[in-house]
file final-v3.cif (mmCIF, C-alpha atoms and all ligand atoms)
data_model
#
loop_
_atom_site.label_atom_id
_atom_site.label_comp_id
_atom_site.auth_asym_id
_atom_site.auth_seq_id
_atom_site.Cartn_x
_atom_site.Cartn_y
_atom_site.Cartn_z
CA MET A 20 -23.76 -31.98 -12.95
CA THR A 21 -20.87 -29.71 -13.91
CA GLN A 22 -21.64 -27.14 -11.26
CA LYS A 23 -18.82 -24.76 -10.43
CA PRO A 24 -17.18 -25.78 -7.17
CA LEU A 25 -17.51 -23.42 -4.24
CA LEU A 26 -14.09 -24.39 -2.95
CA GLU A 27 -11.27 -25.95 -4.89
CA ILE A 28 -8.10 -26.88 -3.05
CA LYS A 29 -5.38 -27.61 -5.59
CA ASN A 30 -2.12 -29.28 -4.70
CA LEU A 31 -2.07 -27.68 -1.26
CA GLN A 32 1.18 -28.06 0.59
CA THR A 33 1.43 -26.77 4.13
CA HIS A 34 4.89 -27.53 5.43
CA PHE A 35 6.16 -26.50 8.85
CA HIS A 36 9.83 -25.60 9.02
CA VAL A 37 10.89 -26.63 12.50
CA GLY A 38 14.64 -26.30 13.04
CA LYS A 39 16.19 -28.46 10.33
CA ARG A 40 13.10 -30.56 9.85
CA ILE A 41 10.27 -29.96 7.45
CA VAL A 42 6.99 -31.37 8.75
CA LYS A 43 4.83 -32.03 5.70
CA ALA A 44 1.50 -31.71 7.48
CA VAL A 45 -0.36 -31.29 4.19
CA ASP A 46 1.42 -32.51 1.11
CA GLY A 47 -0.32 -32.13 -2.23
CA VAL A 48 -3.98 -32.21 -1.22
CA ASN A 49 -6.77 -31.75 -3.79
CA ILE A 50 -10.30 -31.33 -2.48
CA SER A 51 -13.30 -29.75 -4.09
CA VAL A 52 -16.58 -28.77 -2.45
CA GLN A 53 -19.80 -28.01 -4.32
CA PRO A 54 -22.25 -25.37 -3.09
CA GLY A 55 -24.54 -26.83 -0.42
CA GLU A 56 -22.87 -30.25 -0.25
CA THR A 57 -21.65 -32.01 2.87
CA LEU A 58 -18.18 -33.43 2.50
CA ALA A 59 -16.63 -35.52 5.25
CA VAL A 60 -12.88 -35.57 5.80
CA VAL A 61 -11.69 -38.59 7.74
CA GLY A 62 -8.41 -40.04 8.91
CA GLU A 63 -6.55 -40.81 12.10
CA SER A 64 -5.18 -38.14 14.35
CA GLY A 65 -2.20 -36.33 12.85
CA CYS A 66 -3.13 -36.82 9.20
CA GLY A 67 -3.35 -33.11 8.38
CA LYS A 68 -7.12 -32.61 8.56
CA SER A 69 -7.04 -29.58 10.85
CA VAL A 70 -4.07 -28.02 9.10
CA THR A 71 -5.95 -28.32 5.80
CA ALA A 72 -8.98 -26.51 7.25
CA MET A 73 -6.83 -23.90 8.98
CA SER A 74 -5.00 -23.28 5.71
CA VAL A 75 -8.34 -22.51 4.04
CA MET A 76 -9.07 -20.01 6.82
CA ARG A 77 -5.50 -18.65 6.53
CA LEU A 78 -5.10 -19.29 10.24
CA VAL A 79 -1.85 -21.24 9.97
CA PRO A 80 1.04 -19.08 11.17
CA GLU A 81 3.53 -18.34 8.38
CA PRO A 82 6.30 -18.90 9.42
CA PRO A 83 6.78 -21.61 10.63
CA ALA A 84 4.43 -22.77 7.87
CA HIS A 85 5.18 -22.43 4.18
CA ILE A 86 2.02 -22.79 2.14
CA ARG A 87 1.92 -23.51 -1.58
CA GLY A 88 -0.75 -24.48 -4.07
CA GLN A 89 -4.12 -22.88 -4.62
CA ILE A 90 -7.23 -22.52 -2.50
CA LEU A 91 -9.90 -21.21 -4.84
CA PHE A 92 -13.02 -19.91 -3.16
CA GLU A 93 -15.56 -18.98 -5.82
CA GLY A 94 -12.63 -18.82 -8.20
CA ARG A 95 -10.46 -16.47 -6.10
CA ASP A 96 -7.25 -17.82 -4.62
CA ILE A 97 -7.37 -17.27 -0.86
CA LEU A 98 -3.61 -17.78 -0.69
CA GLN A 99 -3.05 -14.77 -2.94
CA LEU A 100 -5.55 -12.36 -1.38
CA PRO A 101 -4.46 -9.40 0.76
CA VAL A 102 -4.98 -9.85 4.51
CA GLN A 103 -7.90 -7.43 4.55
CA GLU A 104 -9.83 -9.43 1.97
CA VAL A 105 -9.11 -12.68 3.76
CA GLN A 106 -10.58 -11.14 6.91
CA ASN A 107 -13.67 -10.14 4.97
CA ILE A 108 -14.13 -13.71 3.78
CA ARG A 109 -13.42 -15.27 7.17
CA GLY A 110 -16.59 -15.39 9.24
CA LYS A 111 -18.73 -13.99 6.46
CA GLU A 112 -18.22 -16.35 3.53
CA ILE A 113 -16.36 -19.16 5.27
CA SER A 114 -16.71 -20.01 8.96
CA MET A 115 -15.10 -22.60 11.12
CA ILE A 116 -16.21 -24.44 14.24
CA PHE A 117 -13.46 -25.90 16.39
CA GLN A 118 -13.30 -28.93 18.60
CA GLU A 119 -13.06 -27.13 21.91
CA PRO A 120 -15.45 -24.17 22.10
CA MET A 121 -13.90 -22.75 25.26
CA THR A 122 -10.66 -21.92 23.47
CA SER A 123 -12.42 -19.90 20.77
CA LEU A 124 -14.82 -17.98 23.00
CA ASN A 125 -13.58 -14.94 24.87
CA PRO A 126 -14.19 -15.39 28.61
CA ALA A 127 -14.41 -11.63 29.14
CA TYR A 128 -17.48 -10.98 26.99
CA THR A 129 -21.04 -12.30 27.08
CA VAL A 130 -21.94 -14.75 24.33
CA GLY A 131 -24.45 -12.26 22.94
CA GLU A 132 -21.76 -9.59 22.65
CA GLN A 133 -19.47 -12.01 20.84
CA ILE A 134 -22.07 -12.99 18.26
CA ALA A 135 -23.12 -9.35 17.82
CA GLU A 136 -19.48 -8.44 17.25
CA VAL A 137 -19.20 -10.92 14.37
CA VAL A 138 -22.35 -9.43 12.85
CA ARG A 139 -21.02 -5.89 13.23
CA VAL A 140 -17.65 -6.65 11.69
CA HIS A 141 -19.22 -8.04 8.54
CA ASN A 142 -22.28 -5.90 8.07
CA SER A 143 -21.96 -2.19 7.49
CA ALA A 144 -25.57 -1.44 8.50
CA ALA A 145 -25.26 -3.39 11.74
CA ARG A 146 -21.97 -1.63 12.49
CA LYS A 147 -23.89 1.54 13.27
CA ASP A 148 -26.89 -0.18 14.79
CA LYS A 149 -25.89 -1.96 17.98
CA LYS A 150 -29.46 -2.91 18.74
CA ALA A 151 -29.91 -4.68 15.42
CA ALA A 152 -26.68 -6.62 15.93
CA TRP A 153 -27.81 -7.67 19.41
CA ALA A 154 -31.22 -8.69 18.03
CA ARG A 155 -29.46 -10.81 15.42
CA ALA A 156 -27.37 -12.45 18.16
CA VAL A 157 -30.50 -13.38 20.11
CA GLU A 158 -32.16 -14.63 16.93
CA MET A 159 -29.15 -16.86 16.23
CA LEU A 160 -29.19 -18.24 19.79
CA GLU A 161 -32.85 -19.12 19.29
CA LEU A 162 -32.04 -20.75 15.98
CA VAL A 163 -29.46 -23.05 17.59
CA GLY A 164 -31.98 -24.11 20.22
CA ILE A 165 -30.88 -22.21 23.30
CA PRO A 166 -33.91 -21.77 25.58
CA ALA A 167 -34.65 -18.26 26.87
CA ALA A 168 -32.19 -16.93 24.31
CA ALA A 169 -32.70 -13.25 25.18
CA GLN A 170 -31.64 -14.02 28.74
CA ARG A 171 -28.86 -16.49 27.96
CA ALA A 172 -27.31 -13.99 25.53
CA LYS A 173 -26.16 -12.11 28.62
CA ASP A 174 -24.31 -15.14 29.98
CA TYR A 175 -20.54 -15.43 29.94
CA PRO A 176 -19.12 -18.59 28.36
CA HIS A 177 -18.20 -20.16 31.72
CA GLN A 178 -21.86 -19.98 32.79
CA MET A 179 -22.81 -22.42 30.04
CA SER A 180 -22.39 -26.17 29.64
CA GLY A 181 -20.11 -27.59 26.96
CA GLY A 182 -23.04 -28.43 24.71
CA MET A 183 -24.50 -24.93 25.07
CA ARG A 184 -21.13 -23.37 24.33
CA GLN A 185 -20.84 -25.41 21.17
CA ARG A 186 -24.30 -24.17 20.18
CA VAL A 187 -23.02 -20.64 20.71
CA MET A 188 -20.06 -21.40 18.44
CA ILE A 189 -22.45 -22.63 15.78
CA ALA A 190 -24.58 -19.51 16.20
CA MET A 191 -21.49 -17.37 15.80
CA ALA A 192 -20.28 -19.31 12.79
CA LEU A 193 -23.62 -19.02 11.01
CA ALA A 194 -24.55 -15.47 12.07
CA CYS A 195 -23.49 -14.01 8.73
CA ASN A 196 -24.92 -16.87 6.70
CA PRO A 197 -21.63 -18.13 5.24
CA LYS A 198 -21.53 -20.23 2.08
CA LEU A 199 -19.09 -22.66 3.63
CA LEU A 200 -18.80 -24.03 7.14
CA LEU A 201 -15.72 -25.96 8.21
CA ALA A 202 -16.53 -28.07 11.26
CA ASP A 203 -13.41 -29.58 12.78
CA GLU A 204 -14.42 -32.50 15.01
CA PRO A 205 -17.15 -30.27 16.42
CA THR A 206 -18.41 -32.75 18.98
CA THR A 207 -15.33 -34.60 20.16
CA ALA A 208 -15.18 -32.71 23.45
CA LEU A 209 -18.86 -33.37 24.27
CA ASP A 210 -20.84 -36.13 25.97
CA VAL A 211 -22.11 -38.81 23.63
CA THR A 212 -25.77 -37.86 24.03
CA ILE A 213 -25.01 -34.19 23.38
CA GLN A 214 -22.86 -35.13 20.37
CA ALA A 215 -25.84 -36.46 18.46
CA GLN A 216 -27.90 -33.34 19.19
CA ILE A 217 -25.14 -31.01 18.03
CA LEU A 218 -24.57 -32.98 14.84
CA ASP A 219 -28.29 -32.97 14.13
CA LEU A 220 -28.31 -29.24 14.63
CA ILE A 221 -25.38 -28.68 12.28
CA ARG A 222 -26.99 -30.88 9.66
CA LYS A 223 -30.37 -29.20 9.95
CA LEU A 224 -28.99 -25.66 9.81
CA ALA A 225 -26.60 -26.40 6.94
CA GLN A 226 -29.55 -27.74 5.00
CA GLU A 227 -31.91 -24.88 5.85
CA LEU A 228 -29.36 -22.20 5.12
CA ASN A 229 -27.93 -24.07 2.13
CA THR A 230 -24.45 -23.89 3.63
CA ALA A 231 -21.82 -26.23 2.23
CA LEU A 232 -20.29 -28.23 5.06
CA VAL A 233 -16.84 -29.73 5.38
CA LEU A 234 -17.09 -32.04 8.34
CA ILE A 235 -13.83 -33.26 9.79
CA THR A 236 -14.28 -36.33 11.94
CA HIS A 237 -12.69 -39.61 12.84
CA ASP A 238 -16.11 -41.15 13.39
CA LEU A 239 -17.27 -43.15 10.38
CA GLY A 240 -20.76 -43.47 11.84
CA VAL A 241 -21.05 -39.69 11.62
CA VAL A 242 -19.81 -39.77 8.02
CA ALA A 243 -22.45 -42.31 7.03
CA GLU A 244 -25.21 -40.24 8.60
CA MET A 245 -24.23 -36.76 7.52
CA ALA A 246 -22.22 -36.66 4.31
CA GLN A 247 -22.73 -37.30 0.61
CA ASN A 248 -19.07 -37.37 -0.27
CA MET A 249 -15.95 -38.25 1.64
CA VAL A 250 -12.22 -37.74 1.53
CA VAL A 251 -9.86 -40.08 3.36
CA MET A 252 -6.56 -38.51 4.42
CA TYR A 253 -3.42 -40.29 5.43
CA ALA A 254 -0.11 -38.68 6.37
CA GLY A 255 -0.95 -35.33 4.81
CA ARG A 256 -2.35 -36.70 1.56
CA VAL A 257 -5.69 -37.74 0.15
CA VAL A 258 -5.67 -41.50 -0.34
CA GLU A 259 -9.27 -42.06 -1.39
CA GLN A 260 -12.29 -39.98 -2.25
CA GLY A 261 -15.74 -40.68 -3.57
CA THR A 262 -19.36 -40.83 -2.56
CA VAL A 263 -20.02 -42.13 0.94
CA ALA A 264 -22.20 -44.86 -0.55
CA ASP A 265 -19.45 -46.12 -2.87
CA VAL A 266 -16.60 -45.92 -0.39
CA PHE A 267 -18.58 -47.65 2.35
CA ALA A 268 -19.82 -50.33 -0.01
CA HIS A 269 -16.33 -51.01 -1.20
CA PRO A 270 -13.23 -49.29 0.15
CA CYS A 271 -10.43 -49.41 -2.43
CA HIS A 272 -7.48 -48.16 -0.40
CA PRO A 273 -6.20 -50.63 2.20
CA TYR A 274 -6.10 -47.76 4.69
CA THR A 275 -9.78 -46.98 4.17
CA ALA A 276 -10.56 -50.67 4.47
CA GLY A 277 -8.62 -50.74 7.74
CA LEU A 278 -10.60 -47.78 9.09
CA MET A 279 -13.87 -49.46 8.11
CA ASP A 280 -12.84 -52.68 9.83
CA SER A 281 -12.30 -50.79 13.01
CA ILE A 282 -15.95 -49.73 13.31
CA PRO A 283 -17.70 -51.93 15.87
CA LYS A 284 -20.42 -53.88 14.08
CA LEU A 285 -23.83 -54.11 15.68
CA ASP A 286 -24.22 -57.72 14.68
CA GLY A 287 -20.66 -58.57 15.73
CA GLN A 288 -20.03 -61.12 18.44
CA LYS A 289 -19.80 -59.75 21.90
CA LYS A 290 -16.20 -60.41 22.66
CA GLN A 291 -14.89 -59.81 19.16
CA LYS A 292 -11.81 -57.66 19.36
CA LEU A 293 -12.03 -54.32 17.64
CA HIS A 294 -9.75 -54.31 14.62
CA THR A 295 -7.23 -51.53 14.76
CA ILE A 296 -4.65 -50.76 12.14
CA GLU A 297 -1.30 -51.77 13.55
CA GLY A 298 1.37 -49.14 13.86
CA ALA A 299 1.09 -45.38 13.69
CA VAL A 300 1.09 -42.54 11.20
CA PRO A 301 4.72 -42.05 10.07
CA ASP A 302 6.82 -39.06 11.05
CA LEU A 303 5.67 -36.35 8.66
CA SER A 304 9.19 -34.95 8.47
CA GLN A 305 10.60 -38.28 7.30
CA LEU A 306 8.09 -39.76 4.92
CA PRO A 307 9.23 -42.81 2.97
CA PRO A 308 9.88 -42.32 -0.77
CA GLY A 309 6.99 -44.53 -1.85
CA CYS A 310 3.56 -44.92 -0.34
CA SER A 311 3.28 -43.49 3.19
CA PHE A 312 1.18 -46.46 4.28
CA VAL A 313 3.76 -49.18 3.44
CA ASP A 314 4.69 -50.01 7.00
CA ARG A 315 1.10 -50.75 7.98
CA CYS A 316 -0.35 -52.12 4.76
CA GLU A 317 -1.40 -55.75 4.58
CA CYS A 318 -1.14 -55.73 0.77
CA VAL A 319 2.25 -54.06 0.38
CA ARG A 320 4.40 -54.98 -2.66
CA GLU A 321 7.80 -53.87 -3.90
CA LYS A 322 6.53 -51.05 -6.10
CA CYS A 323 4.81 -49.48 -3.07
CA ARG A 324 8.17 -48.94 -1.38
CA GLN A 325 9.71 -47.27 -4.40
CA GLU A 326 7.06 -45.19 -6.10
CA ARG A 327 4.68 -42.78 -4.53
CA PRO A 328 1.17 -43.59 -5.76
CA GLU A 329 -0.60 -40.54 -7.19
CA LEU A 330 -4.33 -40.03 -6.76
CA ARG A 331 -5.94 -41.50 -9.87
CA ALA A 332 -9.45 -41.95 -11.14
CA LEU A 333 -11.28 -45.27 -10.96
CA PRO A 334 -14.76 -45.43 -12.47
CA ASP A 335 -16.53 -44.30 -9.31
CA ARG A 336 -13.85 -42.58 -7.23
CA GLN A 337 -10.23 -41.55 -6.85
CA VAL A 338 -7.60 -43.55 -5.04
CA ALA A 339 -3.88 -43.22 -4.38
CA CYS A 340 -2.79 -46.85 -4.37
CA HIS A 341 -0.82 -48.97 -6.85
CA TYR A 342 -2.94 -52.00 -6.04
CA PRO A 343 -6.45 -50.90 -5.07
CA LEU A 344 -8.56 -53.61 -3.50
CA GLU A 345 -10.51 -55.80 -5.92
CA GLY A 346 -14.04 -54.97 -6.88
CA VAL A 347 -13.62 -51.78 -8.84
CA GLU A 348 -11.28 -52.08 -11.81
CA ALA A 349 -9.63 -49.17 -13.57
N1 LIG B 1 2.37 -25.17 14.22
C1 LIG B 1 2.85 -26.39 13.91
N2 LIG B 1 4.18 -26.63 13.86
C2 LIG B 1 4.67 -27.84 13.54
N3 LIG B 1 3.90 -28.92 13.24
C3 LIG B 1 2.58 -28.75 13.27
C4 LIG B 1 1.97 -27.49 13.60
N4 LIG B 1 0.63 -27.64 13.54
C5 LIG B 1 0.41 -28.93 13.20
N5 LIG B 1 1.56 -29.59 13.03
C6 LIG B 1 1.73 -31.00 12.64
O1 LIG B 1 0.96 -31.23 11.48
C7 LIG B 1 0.50 -32.58 11.49
C8 LIG B 1 -0.97 -32.62 11.14
O2 LIG B 1 -1.71 -32.08 12.19
P1 LIG B 1 -3.29 -31.91 12.18
O3 LIG B 1 -3.72 -31.27 10.90
O4 LIG B 1 -3.63 -31.21 13.42
O5 LIG B 1 -3.82 -33.41 12.21
P2 LIG B 1 -5.32 -33.92 12.36
O6 LIG B 1 -6.22 -32.75 12.42
O7 LIG B 1 -5.56 -34.78 11.16
O8 LIG B 1 -5.33 -34.73 13.61
C9 LIG B 1 0.83 -33.15 12.84
O9 LIG B 1 1.97 -33.96 12.70
C10 LIG B 1 1.15 -31.94 13.67
O10 LIG B 1 2.08 -32.23 14.66
MG MG B 2 -7.44 -32.14 14.02
#
call {"tool": "encode", "arguments": {"input": "final-v3.cif", "output": "structure tokens"}}
result
Amino acid sequence: MTQKPLLEIKNLQTHFHVGKRIVKAVDGVNISVQPGETLAVVGESGCGKSVTAMSVMRLVPEPPAHIRGQILFEGRDILQLPVQEVQNIRGKEISMIFQEPMTSLNPAYTVGEQIAEVVRVHNSAARKDKKAAWARAVEMLELVGIPAAAQRAKDYPHQMSGGMRQRVMIAMALACNPKLLLADEPTTALDVTIQAQILDLIRKLAQELNTALVLITHDLGVVAEMAQNMVVMYAGRVVEQGTVADVFAHPCHPYTAGLMDSIPKLDGQKKQKLHTIEGAVPDLSQLPPGCSFVDRCECVREKCRQERPELRALPDRQVACHYPLEGVEA
């Protein structure tokens, strides 16, 4: 059980200094990922999910960001590594898939050239052998289910549909067989029917290639289907984490419970109104002194307004709440 984590994020703080304000996009996050596991990260828009992933990739511009804490990848702190070494890790050891594939593909090159380029950058043999890099690109396009891959490799991104482009992004991300794949809402921009196919593909490939997967999503259905473990983020912090089975069976943080209530139930009555959590994520540059969820919490008490709840261990999970919901006692 005590396997060494592949990735260990320790007390990560990514703060943006904007004029006189400090936007605490990520504020003391701890997340650990085991080799080969699928971890889901959930939370409403603006909770710091993308900034967390981008911090791991060292893609957050500094300044305006100030990043503190540790991001240990196989024991080495990514935040302390020289730029060159970070570039070696990025794409080869850790890859990321973004929400909108068009913004991360270069319109001026064919998709085959772009995948081959990733291969060349990270593989000294392929650097000299253009043919081998191209062959690898075609192989990857086949692997992600693009028909007539050898032909389609010569297409430019705009000649492909959104779903096909996302497959290309996956091919590019996995071309060097990374140990960790960060998928940031990889299907949000796609049609519903295509979404399921792309998620299936990511799941299948991650399993086959034994790639650990951090799947950022706001879709709890996707979490239930894809992940073993989950982290719930709220206002730049982790508020609950545990196995998907445990958290779904019994959410302990009122925020998690609120998210769960907002999933439409199949057996629900037709006209039943979807439960949404009232209010919005607070301004991350003016967080209240206590719990960030106070203004929206149905169970709020005095202590919540005064003291910030730290993440603490319950028997089957961790939760940052002074009064976790009944069912699991500390
Ligand atoms: N470059 C930036 N400068 C200032 N604030 C930023 C920057 N990037 C992100 N943020 C802020 O960080 C917060 C978290 O954003 P993000 O991680 O994208 O949320 P999520 O992915 O959970 O929807 C947001 O309030 C966002 O406005
Ligand atoms: Mg995001």
call {"tool": "atom_distance", "arguments": {"input": "final-v3.cif", "atom1": "CA of Gly65 in chain A", "atom2": "atom N5 of ligand LIG 1 (chain B)"}}
result
7.7 Å
call {"tool": "atom_distance", "arguments": {"input": "final-v3.cif", "atom1": "CA of Gly298 in chain A", "atom2": "CA of Asn30 in chain A"}}
result
27.4 Å
call {"tool": "axis_aligned_box", "arguments": {"input": "final-v3.cif", "around": "ligand LIG 1 (chain B)", "padding_each_side": "3 Å", "output": "JSON"}}
result
{"center_x": -0.8, "center_y": -30.0, "center_z": 12.8, "size_x": 16.9, "size_y": 15.6, "size_z": 9.8}
call {"tool": "atom_distance", "arguments": {"input": "final-v3.cif", "atom1": "CA of Ile235 in chain A", "atom2": "CA of Asn248 in chain A"}}
result
12.1 Å
call {"tool": "residues_around", "arguments": {"input": "final-v3.cif", "residues": "Ala299 in chain A", "least_positions_apart": "3", "cutoff": "12 Å", "atoms": "all atoms listed in the file", "output": "short mmCIF file (atom, residue, chain, number, x, y, z; two decimals) with C-alpha atoms, in the frame of the given file"}}
result
data_model
loop_
_atom_site.label_atom_id
_atom_site.label_comp_id
_atom_site.auth_asym_id
_atom_site.auth_seq_id
_atom_site.Cartn_x
_atom_site.Cartn_y
_atom_site.Cartn_z
CA GLY A 62 -8.41 -40.04 8.91
CA GLU A 63 -6.55 -40.81 12.10
CA SER A 64 -5.18 -38.14 14.35
CA GLY A 65 -2.20 -36.33 12.85
CA CYS A 66 -3.13 -36.82 9.20
CA TYR A 253 -3.42 -40.29 5.43
CA ALA A 254 -0.11 -38.68 6.37
CA TYR A 274 -6.10 -47.76 4.69
CA THR A 295 -7.23 -51.53 14.76
CA ILE A 296 -4.65 -50.76 12.14
CA ASP A 302 6.82 -39.06 11.05
CA LEU A 303 5.67 -36.35 8.66
CA SER A 311 3.28 -43.49 3.19
CA PHE A 312 1.18 -46.46 4.28
CA VAL A 313 3.76 -49.18 3.44
CA ASP A 314 4.69 -50.01 7.00
CA ARG A 315 1.10 -50.75 7.98
CA CYS A 316 -0.35 -52.12 4.76
#
call {"tool": "residues_near_ligand", "arguments": {"input": "final-v3.cif", "ligand": "ligand LIG 1 (chain B)", "cutoff": "10 Å", "atoms": "all atoms listed in the file", "output": "PyMOL selection string"}}
result
chain A and resi 33-37+40-45+60-74+79-84+203-204+235-237+252-255+300-304
call {"tool": "residues_around", "arguments": {"input": "final-v3.cif", "residues": "Val266 in chain A", "least_positions_apart": "5", "cutoff": "9 Å", "atoms": "all atoms listed in the file", "output": "number ranges by chain"}}
result
A: 248-249, 259-261, 271, 275, 336
call {"tool": "write_last_selection", "arguments": {"input": "final-v3.cif", "atoms": "C-alpha atoms", "output": "mmCIF file, in the frame of the given file"}}
result
data_model
loop_
_atom_site.group_PDB
_atom_site.id
_atom_site.type_symbol
_atom_site.label_atom_id
_atom_site.label_comp_id
_atom_site.auth_asym_id
_atom_site.auth_seq_id
_atom_site.Cartn_x
_atom_site.Cartn_y
_atom_site.Cartn_z
ATOM 1 C CA ASN A 248 -19.070 -37.370 -0.270
ATOM 2 C CA MET A 249 -15.950 -38.250 1.640
ATOM 3 C CA GLU A 259 -9.270 -42.060 -1.390
ATOM 4 C CA GLN A 260 -12.290 -39.980 -2.250
ATOM 5 C CA GLY A 261 -15.740 -40.680 -3.570
ATOM 6 C CA CYS A 271 -10.430 -49.410 -2.430
ATOM 7 C CA THR A 275 -9.780 -46.980 4.170
ATOM 8 C CA ARG A 336 -13.850 -42.580 -7.230
#
call {"tool": "closest_residue", "arguments": {"input": "final-v3.cif", "among": "A:Gln325, A:Ala194, A:Lys150, A:Glu119", "to": "ligand MG 2 (chain B)", "atoms": "all atoms listed in the file"}}
result
A:Glu119
call {"tool": "closest_residue", "arguments": {"input": "final-v3.cif", "among": "A:Glu161, A:Leu232, A:Met191, A:Pro166", "to": "Gln133 in chain A", "atoms": "only C-alpha atoms"}}
result
A:Met191
call {"tool": "residues_around", "arguments": {"input": "final-v3.cif", "residues": "Leu201 in chain A", "least_positions_apart": "6", "cutoff": "9 Å", "atoms": "all atoms listed in the file", "output": "list in words"}}
result
Ala72, Ile113, Ser114, Met115, Ile116, Phe117, Ala231, Leu232, Val233, Leu234 and Ile235 of chain A
